[in-house]
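Coordinates from run-v8.txt are shown below (compact mmCIF, C-alpha atoms).
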```
# COMPACT_ATOMS: atom_id res chain seq x y z
CA MET N 1 16.54 5.73 -38.56
CA GLU N 2 13.39 5.54 -36.41
CA LYS N 3 14.26 1.98 -35.33
CA GLU N 4 17.68 3.21 -34.23
CA LEU N 5 16.11 6.03 -32.20
CA GLU N 6 13.65 3.60 -30.61
CA LYS N 7 16.58 1.41 -29.49
CA ARG N 8 18.59 4.33 -28.13
CA LEU N 9 15.60 5.77 -26.29
CA ASP N 10 14.90 2.39 -24.73
CA ALA N 11 18.52 1.97 -23.67
CA PHE N 12 18.52 5.44 -22.08
CA ILE N 13 15.26 4.75 -20.25
CA ALA N 14 16.98 1.69 -18.77
CA GLU N 15 19.86 3.98 -17.68
CA LEU N 16 17.39 6.43 -16.09
CA ARG N 17 15.97 3.55 -14.09
CA LYS N 18 19.44 2.79 -12.80
CA GLY N 19 19.70 6.36 -11.51
CA LYS N 20 21.45 8.21 -14.31
CA SER N 21 20.29 11.72 -15.22
CA VAL N 22 18.90 12.77 -18.60
CA GLU N 23 22.04 14.83 -19.14
CA GLU N 24 24.34 11.86 -18.46
CA CYS N 25 22.40 9.74 -20.95
CA LEU N 26 22.47 12.38 -23.66
CA ALA N 27 26.20 12.95 -23.21
CA GLN N 28 26.71 9.44 -24.63
CA ASN N 29 24.79 10.34 -27.78
CA PRO N 30 24.88 14.13 -28.34
CA GLU N 31 23.95 13.93 -32.04
CA HIS N 32 20.39 12.84 -31.14
CA ARG N 33 19.92 15.29 -28.28
CA SER N 34 17.15 17.29 -29.98
CA GLU N 35 15.00 14.18 -30.64
CA LEU N 36 15.68 12.27 -27.42
CA GLU N 37 15.85 14.95 -24.74
CA PRO N 38 12.12 15.86 -24.69
CA LEU N 39 11.14 12.17 -24.68
CA LEU N 40 13.50 11.31 -21.85
CA GLU N 41 12.14 14.22 -19.83
CA VAL N 42 8.59 12.89 -20.21
CA ALA N 43 9.77 9.39 -19.31
CA GLN N 44 11.55 10.66 -16.20
CA ALA N 45 8.56 12.75 -15.10
CA MET N 46 6.31 9.72 -15.40
CA GLN N 47 8.61 7.50 -13.37
CA ARG N 48 8.56 10.10 -10.61
CA LEU N 49 4.77 10.36 -10.48
CA PRO N 50 3.31 9.48 -7.07
CA LYS N 51 1.10 6.40 -6.98
CA PRO N 52 -2.66 6.99 -6.93
CA GLU N 53 -4.02 6.67 -3.41
CA LEU N 54 -5.85 3.51 -2.55
CA ALA N 55 -8.68 3.30 0.00
CA PRO N 56 -8.42 0.19 2.24
CA GLU N 57 -12.21 -0.23 2.04
CA LEU N 58 -11.85 -0.95 -1.68
CA VAL N 59 -9.41 -3.80 -1.08
CA SER N 60 -11.65 -5.06 1.66
CA ALA N 61 -14.76 -4.97 -0.54
CA THR N 62 -12.93 -6.91 -3.26
CA LEU N 63 -11.68 -9.51 -0.78
CA VAL N 64 -15.23 -9.96 0.47
CA SER N 65 -16.57 -10.56 -3.04
CA VAL N 66 -13.64 -12.87 -3.85
CA GLY N 67 -14.46 -14.77 -0.63
CA ARG N 68 -18.03 -15.26 -1.86
CA GLU N 69 -16.84 -16.39 -5.27
CA VAL N 70 -14.45 -18.90 -3.68
CA ALA N 71 -17.26 -20.31 -1.57
CA ARG N 72 -19.34 -20.83 -4.71
CA TYR N 73 -16.47 -22.62 -6.43
CA ARG N 74 -15.66 -24.83 -3.48
CA GLY N 75 -19.38 -25.58 -3.12
CA ASN N 76 -19.53 -26.77 -6.73
CA LYS N 77 -16.98 -29.50 -6.01
CA SER N 78 -19.79 -31.85 -5.08
CA ARG N 79 -18.16 -35.20 -5.79
CA THR N 80 -16.41 -36.47 -2.72
CA PHE N 81 -13.04 -38.16 -2.83
CA ARG N 82 -14.51 -41.28 -1.31
CA GLY N 83 -17.34 -41.35 -3.88
CA MET N 84 -14.84 -41.09 -6.71
CA LEU N 85 -12.76 -43.97 -5.40
CA SER N 86 -15.71 -46.30 -4.94
CA HIS N 87 -16.27 -46.18 -8.72
CA ARG N 88 -12.59 -46.60 -9.60
CA PRO N 89 -11.05 -49.49 -7.65
CA ARG N 90 -7.82 -49.39 -9.70
CA VAL N 91 -7.37 -45.74 -8.91
CA ALA N 92 -8.00 -46.54 -5.27
CA TRP N 93 -5.26 -49.21 -5.29
CA ALA N 94 -2.83 -46.91 -7.06
CA LEU N 95 -3.55 -44.12 -4.61
CA GLY N 96 -3.19 -46.54 -1.72
CA ALA N 97 0.26 -47.54 -2.92
CA ALA N 98 1.21 -43.91 -3.47
CA PHE N 99 -0.06 -43.11 0.01
CA ILE N 100 2.20 -45.75 1.58
CA LEU N 101 5.22 -44.47 -0.33
CA LEU N 102 4.42 -40.91 0.56
CA PHE N 103 4.03 -41.89 4.17
CA ALA N 104 7.41 -43.58 4.14
CA PHE N 105 9.16 -40.57 2.67
CA THR N 106 7.47 -37.51 4.11
CA GLY N 107 6.22 -38.57 7.51
CA MET N 108 2.91 -38.24 9.17
CA THR N 109 2.54 -34.51 9.53
CA PHE N 110 2.21 -33.86 5.82
CA ILE N 111 -0.35 -36.60 5.30
CA SER N 112 -2.37 -35.67 8.35
CA GLY N 113 -3.02 -32.24 6.81
CA ASN N 114 -6.23 -33.33 5.08
CA SER N 115 -7.58 -35.49 7.89
CA ILE N 116 -10.86 -34.77 9.65
CA PRO N 117 -12.16 -35.74 13.11
CA GLY N 118 -12.54 -39.50 13.31
CA ASP N 119 -9.49 -40.16 11.10
CA VAL N 120 -6.51 -41.90 12.71
CA LEU N 121 -4.22 -39.02 11.83
CA TYR N 122 -6.45 -36.21 13.04
CA PRO N 123 -4.78 -35.91 16.48
CA VAL N 124 -1.41 -35.61 14.64
CA LYS N 125 -2.82 -32.73 12.64
CA LEU N 126 -4.02 -30.90 15.78
CA ALA N 127 -0.69 -31.49 17.51
CA THR N 128 1.16 -30.18 14.45
CA GLU N 129 -0.95 -27.03 14.49
CA LYS N 130 -0.13 -26.48 18.16
CA VAL N 131 3.58 -26.94 17.61
CA LYS N 132 3.54 -24.67 14.59
CA PHE N 133 1.77 -21.99 16.61
CA LEU N 134 4.18 -22.30 19.54
CA LEU N 135 7.19 -22.09 17.26
CA THR N 136 5.91 -18.97 15.50
CA TYR N 137 7.22 -15.81 17.13
CA ASP N 138 6.16 -13.17 14.63
CA ALA N 139 2.87 -11.58 15.81
CA GLN N 140 1.46 -11.15 12.32
CA LYS N 141 2.27 -14.73 11.35
CA LYS N 142 0.66 -15.94 14.59
CA ALA N 143 -2.55 -14.06 13.74
CA GLU N 144 -2.49 -15.45 10.20
CA LEU N 145 -1.98 -18.97 11.52
CA ARG N 146 -5.12 -18.56 13.61
CA LEU N 147 -7.01 -17.62 10.46
CA THR N 148 -5.62 -20.71 8.72
CA PHE N 149 -6.80 -22.87 11.62
CA SER N 150 -10.25 -21.28 11.43
CA ASP N 151 -10.39 -22.00 7.71
CA GLU N 152 -9.24 -25.57 8.38
CA ARG N 153 -12.06 -26.13 10.92
CA LEU N 154 -14.58 -25.10 8.27
CA ARG N 155 -13.08 -27.56 5.79
CA GLU N 156 -13.31 -30.30 8.39
CA LEU N 157 -16.89 -29.37 9.22
CA ILE N 158 -17.83 -29.68 5.54
CA GLY N 159 -15.88 -32.97 5.31
CA ILE N 160 -17.83 -34.45 8.25
CA LEU N 161 -21.10 -33.24 6.77
CA GLN N 162 -20.31 -34.92 3.45
CA ARG N 163 -19.14 -38.12 5.12
CA SER N 164 -21.86 -38.62 7.73
CA GLY N 165 -24.52 -35.98 7.11
CA THR N 166 -24.15 -34.53 10.60
CA LEU N 167 -23.15 -31.10 11.84
CA ASP N 168 -20.15 -31.05 14.16
CA THR N 169 -20.97 -28.10 16.43
CA ASP N 170 -17.55 -28.33 18.13
CA LEU N 171 -15.91 -27.60 14.79
CA LEU N 172 -18.31 -24.75 14.12
CA LYS N 173 -17.47 -23.28 17.52
CA ALA N 174 -13.74 -23.79 16.93
CA MET N 175 -14.00 -22.07 13.53
CA LEU N 176 -15.62 -18.97 15.04
CA ASP N 177 -13.34 -18.97 18.09
CA GLU N 178 -10.13 -19.24 16.07
CA ALA N 179 -11.27 -16.38 13.85
CA LYS N 180 -11.99 -14.25 16.91
CA LEU N 181 -8.59 -15.07 18.41
CA ALA N 182 -6.97 -14.20 15.09
CA LEU N 183 -8.72 -10.86 15.17
CA GLU N 184 -7.58 -10.21 18.74
CA ASN N 185 -3.97 -11.00 17.78
CA GLY N 186 -4.24 -8.99 14.58
CA SER N 187 -5.66 -5.92 16.33
CA GLN N 188 -2.52 -5.67 18.44
CA LEU N 189 -0.29 -5.26 15.41
CA PRO N 190 1.05 -1.82 14.39
CA GLU N 191 -1.67 0.26 12.70
CA GLN N 192 -0.75 -0.41 9.07
CA GLN N 193 -0.20 -4.14 9.55
CA ALA N 194 -3.41 -4.33 11.58
CA SER N 195 -5.50 -2.73 8.85
CA LEU N 196 -4.07 -5.13 6.26
CA PHE N 197 -4.81 -8.01 8.58
CA HIS N 198 -8.39 -6.79 9.05
CA VAL N 199 -8.85 -6.83 5.30
CA LYS N 200 -7.75 -10.46 5.28
CA PHE N 201 -10.03 -11.28 8.21
CA ASN N 202 -12.96 -9.76 6.33
CA HIS N 203 -12.22 -11.96 3.34
CA ILE N 204 -12.14 -15.16 5.42
CA ASN N 205 -15.24 -14.13 7.35
CA ALA N 206 -17.19 -13.47 4.13
CA TYR N 207 -16.04 -16.79 2.74
CA GLN N 208 -17.12 -18.63 5.89
CA LYS N 209 -20.54 -16.95 5.85
CA GLU N 210 -21.07 -17.87 2.22
CA SER N 211 -19.95 -21.48 2.83
CA LEU N 212 -22.33 -21.87 5.76
CA GLU N 213 -25.19 -20.50 3.65
CA GLN N 214 -24.39 -23.12 1.03
CA ILE N 215 -24.28 -26.09 3.42
CA ARG N 216 -27.32 -24.93 5.39
CA LEU N 217 -29.81 -27.12 3.52
CA LYS N 218 -27.55 -30.18 3.74
CA VAL N 219 -27.57 -29.98 7.54
CA PRO N 220 -30.30 -32.03 9.34
CA PRO N 221 -33.32 -29.74 10.04
CA SER N 222 -32.88 -30.12 13.81
CA GLU N 223 -29.39 -28.54 13.59
CA ARG N 224 -30.19 -25.88 11.01
CA GLU N 225 -30.88 -23.26 13.68
CA THR N 226 -27.26 -23.54 14.86
CA VAL N 227 -26.00 -22.90 11.33
CA ASP N 228 -28.36 -19.92 10.99
CA LYS N 229 -26.98 -18.49 14.21
CA ALA N 230 -23.40 -18.93 12.96
CA ILE N 231 -24.31 -17.22 9.66
CA GLU N 232 -25.75 -14.34 11.67
CA VAL N 233 -22.56 -14.13 13.75
CA CYS N 234 -20.45 -13.91 10.57
CA GLY N 235 -22.76 -11.18 9.23
CA ASN N 236 -22.49 -9.24 12.50
CA ARG N 237 -18.71 -9.56 12.43
CA MET N 238 -18.69 -8.22 8.89
CA GLN N 239 -20.76 -5.20 9.93
CA TRP N 240 -18.61 -4.66 13.01
CA MET N 241 -15.50 -4.70 10.86
CA MET N 242 -16.94 -2.18 8.39
CA LYS N 243 -17.89 0.11 11.28
CA ARG N 244 -14.42 -0.25 12.73
CA MET N 245 -12.84 0.68 9.41
CA ARG N 246 -15.01 3.81 9.22
CA GLU N 247 -14.89 4.93 12.85
CA GLY N 248 -11.58 3.64 14.13
CA LYS N 249 -10.28 1.02 16.53
CA HIS N 250 -12.35 2.13 19.52
CA VAL N 251 -15.54 0.54 18.21
CA PRO N 252 -16.36 -2.16 20.83
CA TRP N 253 -16.76 -5.81 19.85
CA GLY N 254 -20.47 -6.25 19.07
CA ARG N 255 -22.73 -8.44 21.20
CA GLY N 256 -23.94 -10.41 18.19
CA CYS N 257 -20.38 -11.20 17.15
CA ASP N 258 -20.14 -14.26 19.44
CA MET N 259 -22.20 -17.40 19.33
CA TRP N 260 -21.68 -18.94 22.72
CA MET Y 1 13.09 5.79 -9.04
CA ARG Y 2 11.54 2.35 -9.35
CA GLN Y 3 14.03 -0.26 -10.43
CA LYS Y 4 11.77 -3.10 -11.45
CA GLY Y 5 8.02 -3.72 -11.33
CA PRO Y 6 7.39 -6.98 -9.57
CA ASP Y 7 8.47 -6.88 -5.93
CA LEU Y 8 7.87 -10.62 -5.89
CA SER Y 9 8.93 -12.73 -8.85
CA ASP Y 10 6.77 -15.40 -10.46
CA ALA Y 11 8.90 -18.06 -8.77
CA GLU Y 12 8.34 -16.45 -5.36
CA LEU Y 13 4.59 -16.31 -5.97
CA GLN Y 14 4.43 -19.93 -7.10
CA PRO Y 15 3.75 -21.56 -3.68
CA VAL Y 16 0.89 -19.12 -3.00
CA LEU Y 17 -0.45 -19.72 -6.50
CA GLU Y 18 -0.39 -23.49 -5.98
CA GLN Y 19 -2.56 -23.13 -2.87
CA ALA Y 20 -4.82 -20.59 -4.57
CA ARG Y 21 -5.47 -23.11 -7.37
CA HIS Y 22 -7.13 -25.28 -4.74
CA TYR Y 23 -9.29 -22.29 -3.74
CA GLU Y 24 -7.40 -21.87 -0.46
CA SER Y 25 -8.94 -18.69 0.94
CA ILE Y 26 -5.82 -17.29 2.54
CA ALA Y 27 -3.68 -17.85 -0.53
CA LEU Y 28 -6.30 -16.14 -2.72
CA ALA Y 29 -6.48 -13.26 -0.25
CA GLN Y 30 -2.69 -12.95 -0.41
CA LEU Y 31 -2.74 -12.82 -4.21
CA CYS Y 32 -5.47 -10.17 -4.13
CA GLU Y 33 -3.65 -8.16 -1.50
CA TYR Y 34 -0.42 -8.26 -3.52
CA PHE Y 35 -1.89 -7.46 -6.93
CA TYR Y 36 -4.68 -5.08 -5.92
CA PRO Y 37 -2.56 -1.88 -5.89
CA LYS Y 38 -0.90 -2.82 -9.19
CA VAL Y 39 -4.18 -3.59 -10.94
CA TYR Y 40 -5.83 -0.51 -9.45
CA ARG Y 41 -3.03 1.74 -10.74
CA TYR Y 42 -3.24 0.17 -14.18
CA ILE Y 43 -7.02 0.74 -14.31
CA TYR Y 44 -6.64 4.24 -12.82
CA TYR Y 45 -4.67 5.33 -15.87
CA ARG Y 46 -6.87 3.48 -18.35
CA VAL Y 47 -10.35 4.44 -17.13
CA ASN Y 48 -11.54 7.90 -16.18
CA THR Y 49 -14.54 7.42 -13.90
CA LEU Y 50 -14.04 6.66 -10.25
CA GLU Y 51 -16.87 4.14 -9.81
CA ASP Y 52 -15.90 2.27 -12.96
CA ARG Y 53 -12.31 1.97 -11.77
CA ASP Y 54 -13.45 0.37 -8.51
CA ASP Y 55 -15.88 -1.97 -10.23
CA LEU Y 56 -13.41 -3.03 -12.91
CA THR Y 57 -10.66 -3.69 -10.37
CA ASN Y 58 -13.10 -5.84 -8.44
CA GLU Y 59 -14.02 -7.68 -11.64
CA VAL Y 60 -10.36 -8.51 -12.33
CA PHE Y 61 -10.12 -10.45 -9.08
CA LEU Y 62 -13.40 -12.27 -9.58
CA ARG Y 63 -12.17 -13.36 -13.00
CA MET Y 64 -8.89 -14.36 -11.38
CA VAL Y 65 -10.78 -16.83 -9.14
CA GLN Y 66 -12.83 -18.08 -12.10
CA SER Y 67 -9.79 -18.83 -14.24
CA ILE Y 68 -7.17 -19.75 -11.64
CA ARG Y 69 -7.23 -23.45 -12.52
CA LYS Y 70 -6.38 -22.65 -16.14
CA GLN Y 71 -3.51 -20.32 -15.24
CA ARG Y 72 -0.20 -21.11 -16.94
CA GLY Y 73 3.07 -19.17 -17.25
CA SER Y 74 3.81 -15.84 -15.60
CA VAL Y 75 1.41 -14.83 -12.80
CA HIS Y 76 2.08 -11.14 -13.44
CA ALA Y 77 1.35 -11.51 -17.16
CA TRP Y 78 -1.80 -13.51 -16.44
CA ILE Y 79 -3.26 -10.92 -14.03
CA PHE Y 80 -2.50 -8.01 -16.35
CA ARG Y 81 -3.94 -9.87 -19.33
CA ILE Y 82 -7.18 -10.28 -17.37
CA ALA Y 83 -7.10 -6.56 -16.49
CA ALA Y 84 -6.37 -5.55 -20.09
CA ASN Y 85 -9.24 -7.69 -21.41
CA ILE Y 86 -11.61 -6.24 -18.85
CA VAL Y 87 -10.66 -2.70 -19.91
CA ILE Y 88 -11.17 -3.64 -23.59
CA ASP Y 89 -14.63 -5.09 -22.79
CA TYR Y 90 -15.45 -1.96 -20.82
CA TYR Y 91 -14.66 0.33 -23.73
CA ARG Y 92 -16.59 -1.93 -26.12
CA ARG Y 93 -19.65 -1.72 -23.86
CA ARG Y 94 -19.23 2.03 -23.57
CA ALA Y 95 -18.97 2.45 -27.33
CA VAL Y 96 -22.33 0.70 -27.68
CA ARG Y 97 -23.92 2.96 -25.05
CA LYS Y 98 -22.16 6.13 -26.13
CA GLU Y 99 -24.93 7.59 -28.23
CA LEU Y 100 -27.47 7.13 -25.46
CA GLU Y 101 -25.44 8.84 -22.75
CA GLN Y 102 -24.00 12.23 -21.98
CA PRO Y 103 -20.17 12.21 -21.97
CA ALA Y 104 -19.04 11.08 -18.53
CA GLU Y 105 -17.24 13.71 -16.53
CA SER Y 106 -14.82 12.35 -13.96
CA ALA Y 107 -15.51 13.16 -10.34
CA GLU Y 108 -12.06 14.65 -10.04
CA ALA Y 109 -12.56 16.98 -12.97
CA VAL Y 110 -15.59 18.51 -11.24
CA ALA Y 111 -13.71 19.19 -8.00
CA ASP Y 112 -12.17 22.57 -7.26
CA GLU Y 113 -8.56 22.33 -8.41
CA ASN Y 114 -7.38 24.77 -5.71
CA THR Y 115 -8.21 22.25 -2.98
CA ILE Y 116 -6.51 19.28 -4.65
CA PRO Y 117 -2.87 18.33 -3.91
CA ASP Y 118 -0.36 18.94 -6.72
CA SER Y 119 0.56 15.26 -6.93
CA PHE Y 120 -3.04 14.41 -7.68
CA LEU Y 121 -3.28 17.11 -10.34
CA GLU Y 122 -0.14 15.75 -11.95
CA GLN Y 123 -1.63 12.25 -12.05
CA GLU Y 124 -4.82 13.66 -13.52
CA ARG Y 125 -2.94 15.68 -16.13
CA LEU Y 126 -1.09 12.58 -17.25
CA ARG Y 127 -4.24 10.49 -17.17
CA ARG Y 128 -6.10 12.98 -19.36
CA ALA Y 129 -3.20 13.09 -21.84
CA MET Y 130 -3.12 9.30 -21.87
CA ASP Y 131 -6.77 9.18 -22.90
CA ARG Y 132 -5.61 10.43 -26.29
CA LEU Y 133 -3.15 7.57 -26.85
CA THR Y 134 -4.12 4.27 -28.45
CA GLY Y 135 -5.06 1.41 -26.10
CA ASP Y 136 -1.76 -0.41 -26.77
CA GLN Y 137 0.28 2.73 -26.14
CA GLN Y 138 -1.57 3.30 -22.85
CA ASP Y 139 -0.84 -0.27 -21.78
CA VAL Y 140 2.87 0.11 -22.48
CA ILE Y 141 3.14 3.46 -20.68
CA VAL Y 142 1.36 2.28 -17.54
CA LEU Y 143 3.12 -1.07 -17.33
CA LYS Y 144 6.54 0.40 -18.04
CA PHE Y 145 6.56 3.73 -16.21
CA ILE Y 146 3.91 3.38 -13.53
CA GLU Y 147 4.41 -0.29 -12.71
CA GLY Y 148 8.06 -0.54 -13.67
CA TYR Y 149 7.94 -3.77 -15.70
CA GLU Y 150 10.62 -4.62 -18.27
CA ASN Y 151 9.97 -4.79 -22.03
CA ASP Y 152 10.05 -8.60 -22.16
CA GLU Y 153 7.51 -8.84 -19.32
CA ILE Y 154 5.20 -6.34 -21.05
CA ALA Y 155 5.59 -8.22 -24.32
CA ASP Y 156 4.45 -11.40 -22.53
CA MET Y 157 1.49 -9.58 -20.97
CA LEU Y 158 0.29 -8.01 -24.21
CA GLY Y 159 1.18 -10.88 -26.54
CA LYS Y 160 3.55 -8.76 -28.66
CA SER Y 161 7.24 -8.80 -29.53
CA VAL Y 162 9.83 -6.78 -27.59
CA GLU Y 163 10.44 -4.73 -30.76
CA ALA Y 164 6.75 -3.87 -30.97
CA ILE Y 165 6.82 -2.73 -27.32
CA ARG Y 166 9.82 -0.50 -28.05
CA ALA Y 167 8.02 1.05 -31.02
CA LEU Y 168 4.83 1.61 -29.00
CA GLN Y 169 6.86 3.21 -26.22
CA PHE Y 170 8.61 5.53 -28.69
CA ARG Y 171 5.40 6.67 -30.36
CA ALA Y 172 3.54 7.02 -27.05
CA LEU Y 173 6.28 9.26 -25.63
CA ILE Y 174 6.22 11.47 -28.74
CA SER Y 175 2.43 11.85 -28.44
CA LEU Y 176 2.59 12.49 -24.70
CA ARG Y 177 5.29 15.11 -25.18
CA LYS Y 178 3.03 16.95 -27.63
CA LEU Y 179 -0.09 16.57 -25.49
CA LEU Y 180 1.52 17.58 -22.20
CA GLY Y 181 3.31 20.45 -23.91
CA LYS Y 182 -0.03 21.82 -25.09
CA GLU Y 183 -1.65 21.95 -21.61
```
Give the structure from this file in structure tokens form.
Amino acid sequence: MEKELEKRLDAFIAELRKGKSVEECLAQNPEHRSELEPLLEVAQAMQRLPKPELAPELVSATLVSVGREVARYRGNKSRTFRGMLSHRPRVAWALGAAFILLFAFTGMTFISGNSIPGDVLYPVKLATEKVKFLLTYDAQKKAELRLTFSDERLRELIGILQRSGTLDTDLLKAMLDEAKLALENGSQLPEQQASLFHVKFNHINAYQKESLEQIRLKVPPSERETVDKAIEVCGNRMQWMMKRMREGKHVPWGRGCDMW
Amino acid sequence: MRQKGPDLSDAELQPVLEQARHYESIALAQLCEYFYPKVYRYIYYRVNTLEDRDDLTNEVFLRMVQSIRKQRGSVHAWIFRIAANIVIDYYRRRAVRKELEQPAESAEAVADENTIPDSFLEQERLRRAMDRLTGDQQDVIVLKFIEGYENDEIADMLGKSVEAIRALQFRALISLRKLLGKE
């Protein structure tokens, strides 16, 4: 008997979700009205409950800590691709063959995605980014693309550091500049979209700061000051963003938020 | 009335998930942004102190990053399983500390009820009644009625059969009816 009631209740809850009233549901099964009516009323009241309010600062704080966690994880991937291949010549041959096939079938743009300055395909990657940006008309997507480019410059910077042990200051500059441009684009969005975008910016910024802190000691001592300055810029941007979230959009861009 | 919980299906989330598995920052941010309100609502109805809710929600996403490479199957089920485990750990830790502490009073309960909007009081009334349900019953109620998931999705999240979910739902509604009727 109870199993039967469970099934009927569940079927009626599904009907409520489709927009039927409690009365319409019970009309199909009047003999169980006394047992089912109070339960359906509770179910309906719960489905109509408003959602608890959510403070944007909370999402932002979580994105910042997730950004830090990601930086730690990416930092732990210490073995380079090149290092792996040098110990596994067969794997290198197999990958080489796969690379040629992939190239034949998918074209250069896909493959150039992981290239870094100095690679033959790097100019293709930059050109692809430009085209993608020009062909994007949606303002929010444009701002997000800028963030992607900023993230990409950081990856490249780390790639160069692993490959040659040098700091590419042009990439560092491009990383910070792209993020700033993203922020400028994002700030022009309608209020709600803009605040969501700012949350995303905060996440990327925190991730970049954490990554720079991790690579700091791998950078030659003569260039470490530049990295320190960039870390400071990311920190200032984080503080500026927090202030902006508290006080509103009229908070001016801080002086310490730019490097050059 | 909500029709169905996930606004984006597992298949729609798959490309973002693929990038997130490679620790792509933007993809991870998108996953957080999408799931944050859902996880927060789940924890809101399972935990009664404000600070703990914020901390636990944060913890869910850190654990998401830590285990993203091992993720298999439904993304929704995976995230809510992480959240459910974090809530279980939280209550285990609290049970250990219970004798040493005064009972925690929620910030909302201290506030003057005349200044609080009705919608908030309704949420609080339900939340307080839900405290008296078993953990499994609470999970089913939040996932079904607050988040709008279907029985099979909830069964996947909680590792139970659809029949067990139906039974939990039935018993939870009976208890809630009694508890809310008393207030």
Fill in the blank from the handout: In Å and to one decimal, CA of Ile154 in chain Y is distant from CA of Asp10 in chain N by 13.6 Å
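Near Cys234 in chain N, within a cut-off of 10 Å and counting only C-alpha atoms, sit the residues Leu176, Asn202, Ile204, Asn205, Ala206, Tyr207, Gln208, Lys209, Glu210, Leu212, Asp228, Lys229, Gln239, Trp240, Gly256, Cys257, Asp258 and Met259 of chain N, with same-chain residues fewer than 5 positions away left out.
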Completion exercise
Atom pair CA of Leu179 in chain Y + CA of Tyr91 in chain Y, distance 21.9 Å
Exercise for the section: Do me a favour and pick out the residues of chain Y within 9 Å of chain N, using all atoms listed in the file, as a VMD selection string. Expected result: chain Y and resid 1 to 4 22 to 26 28 to 30 32 to 33 36 to 37 40 to 41 44 54 57 to 59 61 to 62 65 to 66 119 to 120 122 to 123 126 141 144 to 148 150 163 166 to 167 169 to 171 173 to 174 176 to 177 180
Export, as a compact mmCIF listing (two decimals), keeping the file's coordinate frame, the selected residues with C-alpha atoms.
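Dumped everything to part34.txt:
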```txt
# COMPACT_ATOMS: atom_id res chain seq x y z
CA MET Y 1 13.09 5.79 -9.04
CA ARG Y 2 11.54 2.35 -9.35
CA GLN Y 3 14.03 -0.26 -10.43
CA LYS Y 4 11.77 -3.10 -11.45
CA HIS Y 22 -7.13 -25.28 -4.74
CA TYR Y 23 -9.29 -22.29 -3.74
CA GLU Y 24 -7.40 -21.87 -0.46
CA SER Y 25 -8.94 -18.69 0.94
CA ILE Y 26 -5.82 -17.29 2.54
CA LEU Y 28 -6.30 -16.14 -2.72
CA ALA Y 29 -6.48 -13.26 -0.25
CA GLN Y 30 -2.69 -12.95 -0.41
CA CYS Y 32 -5.47 -10.17 -4.13
CA GLU Y 33 -3.65 -8.16 -1.50
CA TYR Y 36 -4.68 -5.08 -5.92
CA PRO Y 37 -2.56 -1.88 -5.89
CA TYR Y 40 -5.83 -0.51 -9.45
CA ARG Y 41 -3.03 1.74 -10.74
CA TYR Y 44 -6.64 4.24 -12.82
CA ASP Y 54 -13.45 0.37 -8.51
CA THR Y 57 -10.66 -3.69 -10.37
CA ASN Y 58 -13.10 -5.84 -8.44
CA GLU Y 59 -14.02 -7.68 -11.64
CA PHE Y 61 -10.12 -10.45 -9.08
CA LEU Y 62 -13.40 -12.27 -9.58
CA VAL Y 65 -10.78 -16.83 -9.14
CA GLN Y 66 -12.83 -18.08 -12.10
CA SER Y 119 0.56 15.26 -6.93
CA PHE Y 120 -3.04 14.41 -7.68
CA GLU Y 122 -0.14 15.75 -11.95
CA GLN Y 123 -1.63 12.25 -12.05
CA LEU Y 126 -1.09 12.58 -17.25
CA ILE Y 141 3.14 3.46 -20.68
CA LYS Y 144 6.54 0.40 -18.04
CA PHE Y 145 6.56 3.73 -16.21
CA ILE Y 146 3.91 3.38 -13.53
CA GLU Y 147 4.41 -0.29 -12.71
CA GLY Y 148 8.06 -0.54 -13.67
CA GLU Y 150 10.62 -4.62 -18.27
CA GLU Y 163 10.44 -4.73 -30.76
CA ARG Y 166 9.82 -0.50 -28.05
CA ALA Y 167 8.02 1.05 -31.02
CA GLN Y 169 6.86 3.21 -26.22
CA PHE Y 170 8.61 5.53 -28.69
CA ARG Y 171 5.40 6.67 -30.36
CA LEU Y 173 6.28 9.26 -25.63
CA ILE Y 174 6.22 11.47 -28.74
CA LEU Y 176 2.59 12.49 -24.70
CA ARG Y 177 5.29 15.11 -25.18
CA LEU Y 180 1.52 17.58 -22.20
```
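Atom pair CA of Gly118 in chain N / CA of Ser222 in chain N: separated by 22.4 Å.
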Problem - Given all atoms listed in the file as the counted atoms, nearest of N:Leu171, N:Val251, N:Leu183, N:Leu157 to Ser211 in chain N - result: N:Leu157
Would you fill the gaps in range 245-250 of chain N so it has N, CA and C atoms, then print it as a PDB file, in the frame of the given file?
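Saved the output as result-v1.pdb:
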```pdb
ATOM      1  N   MET N 245     -13.649   0.053  10.455  1.00  0.00           N
ATOM      2  CA  MET N 245     -12.840   0.680   9.410  1.00  0.00           C
ATOM      3  C   MET N 245     -13.236   2.146   9.226  1.00  0.00           C
ATOM      4  N   ARG N 246     -14.541   2.418   9.389  1.00  0.00           N
ATOM      5  CA  ARG N 246     -15.010   3.810   9.220  1.00  0.00           C
ATOM      6  C   ARG N 246     -14.688   4.667  10.439  1.00  0.00           C
ATOM      7  N   GLU N 247     -14.940   4.095  11.650  1.00  0.00           N
ATOM      8  CA  GLU N 247     -14.890   4.930  12.850  1.00  0.00           C
ATOM      9  C   GLU N 247     -13.627   4.777  13.692  1.00  0.00           C
ATOM     10  N   GLY N 248     -12.823   3.803  13.388  1.00  0.00           N
ATOM     11  CA  GLY N 248     -11.580   3.640  14.130  1.00  0.00           C
ATOM     12  C   GLY N 248     -11.611   2.491  15.108  1.00  0.00           C
ATOM     13  N   LYS N 249     -10.452   2.260  15.749  1.00  0.00           N
ATOM     14  CA  LYS N 249     -10.280   1.020  16.530  1.00  0.00           C
ATOM     15  C   LYS N 249     -11.018   0.996  17.865  1.00  0.00           C
ATOM     16  N   HIS N 250     -11.686   2.110  18.209  1.00  0.00           N
ATOM     17  CA  HIS N 250     -12.350   2.130  19.520  1.00  0.00           C
ATOM     18  C   HIS N 250     -13.765   1.564  19.484  1.00  0.00           C
TER      19      HIS N 250
END
```
